[in-house]
file data34.cif (mmCIF, C-alpha atoms and all ligand atoms)
data_target
#
loop_
_atom_site.group_PDB
_atom_site.id
_atom_site.type_symbol
_atom_site.label_atom_id
_atom_site.label_comp_id
_atom_site.auth_asym_id
_atom_site.auth_seq_id
_atom_site.Cartn_x
_atom_site.Cartn_y
_atom_site.Cartn_z
ATOM 1 C CA MET V 1 -7.793 -22.919 -19.669
ATOM 2 C CA GLU V 2 -9.833 -20.624 -21.862
ATOM 3 C CA ILE V 3 -8.687 -17.166 -22.746
ATOM 4 C CA PHE V 4 -11.265 -14.585 -23.682
ATOM 5 C CA LYS V 5 -9.736 -11.958 -25.900
ATOM 6 C CA ASP V 6 -12.262 -9.317 -25.032
ATOM 7 C CA GLU V 7 -11.749 -9.606 -21.272
ATOM 8 C CA ILE V 8 -9.762 -6.650 -20.109
ATOM 9 C CA PRO V 9 -7.761 -6.694 -16.885
ATOM 10 C CA VAL V 10 -9.164 -4.838 -13.904
ATOM 11 C CA TYR V 11 -7.000 -2.859 -11.479
ATOM 12 C CA THR V 12 -7.969 -1.134 -8.279
ATOM 13 C CA PHE V 13 -6.818 2.416 -7.641
ATOM 14 C CA TYR V 14 -7.154 4.142 -4.307
ATOM 15 C CA VAL V 15 -8.716 7.542 -3.958
ATOM 16 C CA ASP V 16 -6.878 9.899 -1.608
ATOM 17 C CA GLU V 17 -8.212 12.605 0.718
ATOM 18 C CA ASP V 18 -8.320 15.162 -2.090
ATOM 19 C CA GLU V 19 -10.375 12.735 -4.184
ATOM 20 C CA ASN V 20 -7.587 12.101 -6.632
ATOM 21 C CA ALA V 21 -6.679 8.654 -7.877
ATOM 22 C CA THR V 22 -3.379 7.850 -9.531
ATOM 23 C CA LEU V 23 -3.805 5.446 -12.402
ATOM 24 C CA LEU V 24 -0.764 3.299 -13.003
ATOM 25 C CA CYS V 25 -0.453 1.493 -16.318
ATOM 26 C CA PRO V 26 0.240 -2.194 -15.560
ATOM 27 C CA VAL V 27 2.285 -2.518 -18.740
ATOM 28 C CA CYS V 28 4.514 0.565 -19.010
ATOM 29 C CA ARG V 29 4.054 2.019 -15.467
ATOM 30 C CA PHE V 30 2.945 5.379 -16.889
ATOM 31 C CA GLU V 31 1.087 7.336 -14.207
ATOM 32 C CA LYS V 32 -1.763 9.746 -14.449
ATOM 33 C CA THR V 33 -3.500 11.449 -11.571
ATOM 34 C CA LEU V 34 -7.192 11.929 -12.026
ATOM 35 C CA ASP V 35 -9.713 14.020 -10.111
ATOM 36 C CA VAL V 36 -12.522 11.575 -9.390
ATOM 37 C CA LYS V 37 -14.781 13.967 -7.451
ATOM 38 C CA SER V 38 -17.307 14.069 -10.234
ATOM 39 C CA PHE V 39 -17.583 10.256 -10.328
ATOM 40 C CA ARG V 40 -18.487 9.771 -6.712
ATOM 41 C CA GLY V 41 -21.806 8.046 -6.353
ATOM 42 C CA SER V 42 -22.283 7.491 -10.055
ATOM 43 C CA LYS V 43 -19.269 5.753 -11.451
ATOM 44 C CA ASN V 44 -16.633 3.687 -9.757
ATOM 45 C CA SER V 45 -14.815 2.322 -12.751
ATOM 46 C CA LEU V 46 -13.356 3.567 -16.008
ATOM 47 C CA ARG V 47 -12.075 1.921 -19.133
ATOM 48 C CA VAL V 48 -8.582 3.259 -19.712
ATOM 49 C CA LYS V 49 -6.385 3.244 -22.774
ATOM 50 C CA CYS V 50 -2.788 4.130 -22.069
ATOM 51 C CA LYS V 51 -0.498 5.902 -24.528
ATOM 52 C CA CYS V 52 1.413 2.594 -24.826
ATOM 53 C CA GLY V 53 -1.712 0.917 -26.169
ATOM 54 C CA ALA V 54 -2.610 -1.090 -23.059
ATOM 55 C CA VAL V 55 -6.314 -1.236 -22.271
ATOM 56 C CA PHE V 56 -7.542 -1.908 -18.766
ATOM 57 C CA LYS V 57 -10.342 -1.158 -16.394
ATOM 58 C CA GLY V 58 -9.657 1.044 -13.384
ATOM 59 C CA LEU V 59 -11.798 0.499 -10.297
ATOM 60 C CA PHE V 60 -11.844 3.309 -7.760
ATOM 61 C CA GLU V 61 -11.647 2.369 -4.121
ATOM 62 C CA TYR V 62 -12.672 4.999 -1.596
ATOM 63 C CA ARG V 63 -12.009 2.988 1.549
ATOM 64 C CA LYS V 64 -8.498 4.304 1.975
ATOM 65 C CA THR V 65 -8.432 3.800 5.696
ATOM 66 C CA TYR V 66 -9.227 0.110 5.510
ATOM 67 C CA ARG V 67 -6.960 -1.516 8.059
ATOM 68 C CA LYS V 68 -6.144 -5.181 8.099
ATOM 69 C CA ARG V 69 -5.201 -7.095 11.260
ATOM 70 C CA VAL V 70 -2.176 -9.209 10.450
ATOM 71 C CA LYS V 71 0.752 -11.089 11.954
ATOM 72 C CA LEU V 72 3.690 -10.544 9.642
ATOM 73 C CA GLU V 73 7.311 -10.962 10.604
ATOM 74 C CA GLY V 74 9.940 -8.547 9.411
ATOM 75 C CA ARG V 75 12.830 -6.260 10.292
ATOM 76 C CA TYR V 76 13.310 -2.569 10.870
ATOM 77 C CA ALA V 77 16.363 -0.386 10.396
ATOM 78 C CA VAL V 78 16.689 3.228 11.535
ATOM 79 C CA LEU V 79 17.880 5.194 8.511
ATOM 80 C CA THR V 80 19.909 7.796 10.382
ATOM 81 C CA ARG V 81 21.565 5.583 13.004
ATOM 82 C CA GLU V 82 22.985 2.115 13.385
ATOM 83 C CA GLU V 83 19.958 0.387 14.803
ATOM 84 C CA HIS V 84 17.931 -2.515 13.531
ATOM 85 C CA GLY V 85 15.959 -5.442 14.826
ATOM 86 C CA PRO V 86 13.035 -7.790 14.318
ATOM 87 C CA ILE V 87 9.407 -6.629 14.159
ATOM 88 C CA LEU V 88 5.968 -8.157 14.116
ATOM 89 C CA VAL V 89 3.528 -6.166 11.985
ATOM 90 C CA GLU V 90 0.105 -6.165 13.669
ATOM 91 C CA ASP V 91 -1.943 -4.069 11.326
ATOM 92 C CA LEU V 92 -1.552 -2.598 7.951
ATOM 93 C CA SER V 93 -3.330 -0.040 5.801
ATOM 94 C CA LEU V 94 -2.404 1.756 2.612
ATOM 95 C CA GLY V 95 -1.253 4.700 4.682
ATOM 96 C CA GLY V 96 0.789 3.013 7.356
ATOM 97 C CA VAL V 97 1.495 0.263 9.786
ATOM 98 C CA ASN V 98 1.500 -0.647 13.476
ATOM 99 C CA PHE V 99 4.109 -3.083 14.707
ATOM 100 C CA VAL V 100 5.782 -4.473 17.788
ATOM 101 C CA ALA V 101 9.547 -4.439 18.246
ATOM 102 C CA PRO V 102 10.047 -7.435 20.580
ATOM 103 C CA GLU V 103 13.616 -6.512 21.491
ATOM 104 C CA GLN V 104 14.978 -3.469 23.319
ATOM 105 C CA HIS V 105 14.875 -0.489 20.956
ATOM 106 C CA GLY V 106 15.626 3.230 20.896
ATOM 107 C CA VAL V 107 13.148 4.328 18.245
ATOM 108 C CA LYS V 108 11.566 7.745 18.791
ATOM 109 C CA VAL V 109 8.604 9.552 17.260
ATOM 110 C CA GLY V 110 9.471 11.292 13.983
ATOM 111 C CA GLU V 111 12.318 8.978 12.986
ATOM 112 C CA LEU V 112 12.682 7.513 9.526
ATOM 113 C CA LEU V 113 12.868 3.735 9.355
ATOM 114 C CA GLU V 114 13.022 1.167 6.655
ATOM 115 C CA LEU V 115 10.709 -1.783 7.213
ATOM 116 C CA VAL V 116 10.953 -5.075 5.379
ATOM 117 C CA PHE V 117 8.225 -7.659 5.889
ATOM 118 C CA THR V 118 6.645 -10.536 4.030
ATOM 119 C CA LEU V 119 2.940 -10.715 3.215
ATOM 120 C CA ASP V 120 1.105 -13.951 3.976
ATOM 121 C CA ASN V 121 -0.325 -14.073 0.452
ATOM 122 C CA PRO V 122 0.302 -17.010 -1.924
ATOM 123 C CA TRP V 123 3.354 -15.285 -3.374
ATOM 124 C CA ALA V 124 4.861 -14.307 -0.007
ATOM 125 C CA THR V 125 5.445 -10.832 -1.429
ATOM 126 C CA ARG V 126 8.305 -9.006 0.230
ATOM 127 C CA ILE V 127 7.423 -5.415 1.046
ATOM 128 C CA THR V 128 10.075 -2.775 1.659
ATOM 129 C CA LYS V 129 8.806 0.583 2.941
ATOM 130 C CA GLN V 130 10.278 3.770 4.253
ATOM 131 C CA VAL V 131 8.171 5.011 7.122
ATOM 132 C CA GLU V 132 8.083 7.872 9.603
ATOM 133 C CA THR V 133 7.174 6.883 13.145
ATOM 134 C CA THR V 134 4.090 8.633 14.520
ATOM 135 C CA SER V 135 3.739 6.903 17.914
ATOM 136 C CA VAL V 136 6.002 4.929 20.216
ATOM 137 C CA GLU V 137 4.577 3.244 23.322
ATOM 138 C CA GLU V 138 7.211 0.953 24.737
ATOM 139 C CA ARG V 139 7.461 -1.879 22.221
ATOM 140 C CA ARG V 140 4.452 -0.816 20.164
ATOM 141 C CA ILE V 141 5.256 1.526 17.278
ATOM 142 C CA GLY V 142 2.996 3.244 14.753
ATOM 143 C CA ALA V 143 4.280 4.671 11.496
ATOM 144 C CA LYS V 144 3.060 6.157 8.239
ATOM 145 C CA PHE V 145 4.439 5.360 4.822
ATOM 146 C CA CYS V 146 6.606 8.092 3.318
ATOM 147 C CA LYS V 147 5.424 7.573 -0.247
ATOM 148 C CA ALA V 148 1.936 7.838 -1.658
ATOM 149 C CA TYR V 149 0.022 4.707 -0.771
ATOM 150 C CA GLU V 150 -2.016 4.539 -3.929
ATOM 151 C CA ARG V 151 1.086 3.654 -5.905
ATOM 152 C CA ASP V 152 1.658 0.260 -4.348
ATOM 153 C CA PRO V 153 -0.204 -2.357 -6.369
ATOM 154 C CA ASP V 154 1.057 -5.247 -4.185
ATOM 155 C CA LEU V 155 -0.305 -3.735 -0.997
ATOM 156 C CA GLY V 156 -3.440 -2.580 -2.768
ATOM 157 C CA LEU V 157 -4.230 -6.112 -3.847
ATOM 158 C CA TYR V 158 -3.398 -7.553 -0.420
ATOM 159 C CA LEU V 159 -5.645 -5.046 1.334
ATOM 160 C CA MET V 160 -8.680 -5.535 -0.879
ATOM 161 C CA PRO V 161 -11.510 -6.346 1.536
HETATM 162 ZN ZN ZN J 1 1.044 2.043 -20.652
#

call {"tool": "encode", "arguments": {"input": "data34.cif", "output": "structure tokens", "more": "lines below"}}
Ligand SMILES: [Zn+2]
result
Amino acid sequence: MEIFKDEIPVYTFYVDEDENATLLCPVCRFEKTLDVKSFRGSKNSLRVKCKCGAVFKGLFEYRKTYRKRVKLEGRYAVLTREEHGPILVEDLSLGGVNFVAPEQHGVKVGELLELVFTLDNPWATRITKQVETTSVEERRIGAKFCKAYERDPDLGLYLMP
């Protein structure tokens, strides 16, 4: 293996609806939110030096609604009641998830759940997310993530088209 000292690591950051991207330092986890409006069309990457000394390249990804069809097994738990069960995640984006609850359930729209599921990437990354349900049609449930999507590097990497 050859290591090139001048190669700097590249990270993808997702641009939200207000055209802000939150840069997250891969070394010290320092965050900085940046208005990227002025870059659109001209520049989609930046060389960043963090206050901790880390240097990396930030790539800006505008396709925030990119949705991936998947088949990922997991579990759900309702945060405010004693209810949990298995799920099958059917599609995934940085903003939310659609899944099937194969067993009888009592989940309603607007409830807070915790989902745990495993990505089918080489590392079988375990994802734990708090979500708010936005649609319930029998066993099919849609939900949005409670926290800002652009701050999840594992999902960001998994969802890169
Ligand atoms: Zn840093």

call {"tool": "residues_around", "arguments": {"input": "data34.cif", "residues": "stretch 126-141 of chain V", "least_positions_apart": "4", "cutoff": "7 Å", "atoms": "all atoms listed in the file", "output": "NGL selection string"}}
result
:V and (98-102 or 108-119 or 145-146)

call {"tool": "residues_near_ligand", "arguments": {"input": "data34.cif", "ligand": "ligand ZN 1 (chain J)", "cutoff": "8 Å", "atoms": "all atoms listed in the file", "output": "ChimeraX atom specification"}}
result
/V:24-30,49-54

call {"tool": "atom_distance", "arguments": {"input": "data34.cif", "atom1": "atom CA of V:Lys71", "atom2": "atom CA of V:Val107"}}
result
20.8 Å

call {"tool": "resolve_selection", "arguments": {"input": "data34.cif", "expression": "the PyMOL selection byres (((chain V and resi 75) around 8) and not hetatm)", "output": "ChimeraX atom specification"}}
result
/V:73-74,76-77,84-87,115-117

call {"tool": "atom_distance", "arguments": {"input": "data34.cif", "atom1": "atom CA of V:Ala124", "atom2": "atom CA of V:Val70"}}
result
13.6 Å

call {"tool": "residues_around", "arguments": {"input": "data34.cif", "residues": "V:Leu157", "least_positions_apart": "6", "cutoff": "12 Å", "atoms": "only C-alpha atoms", "output": "number ranges by chain"}}
result
V: 10-14, 59, 61, 93-94, 119, 121-123, 125, 150-151

call {"tool": "atom_distance", "arguments": {"input": "data34.cif", "atom1": "atom CA of V:Arg47", "atom2": "atom CA of V:Leu34"}}
result
13.2 Å

call {"tool": "resolve_selection", "arguments": {"input": "data34.cif", "expression": "the PyMOL selection byres (((chain V and resi 20) around 10) and not hetatm)", "output": "VMD selection string"}}
result
chain V and resid 13 to 19 21 to 23 33 to 37 60 150

call {"tool": "resolve_selection", "arguments": {"input": "data34.cif", "expression": "the PyMOL selection byres (((chain V and resi 91) around 6) and not hetatm)", "output": "PyMOL selection string"}}
result
chain V and resi 68-70+89-90+92+97-98
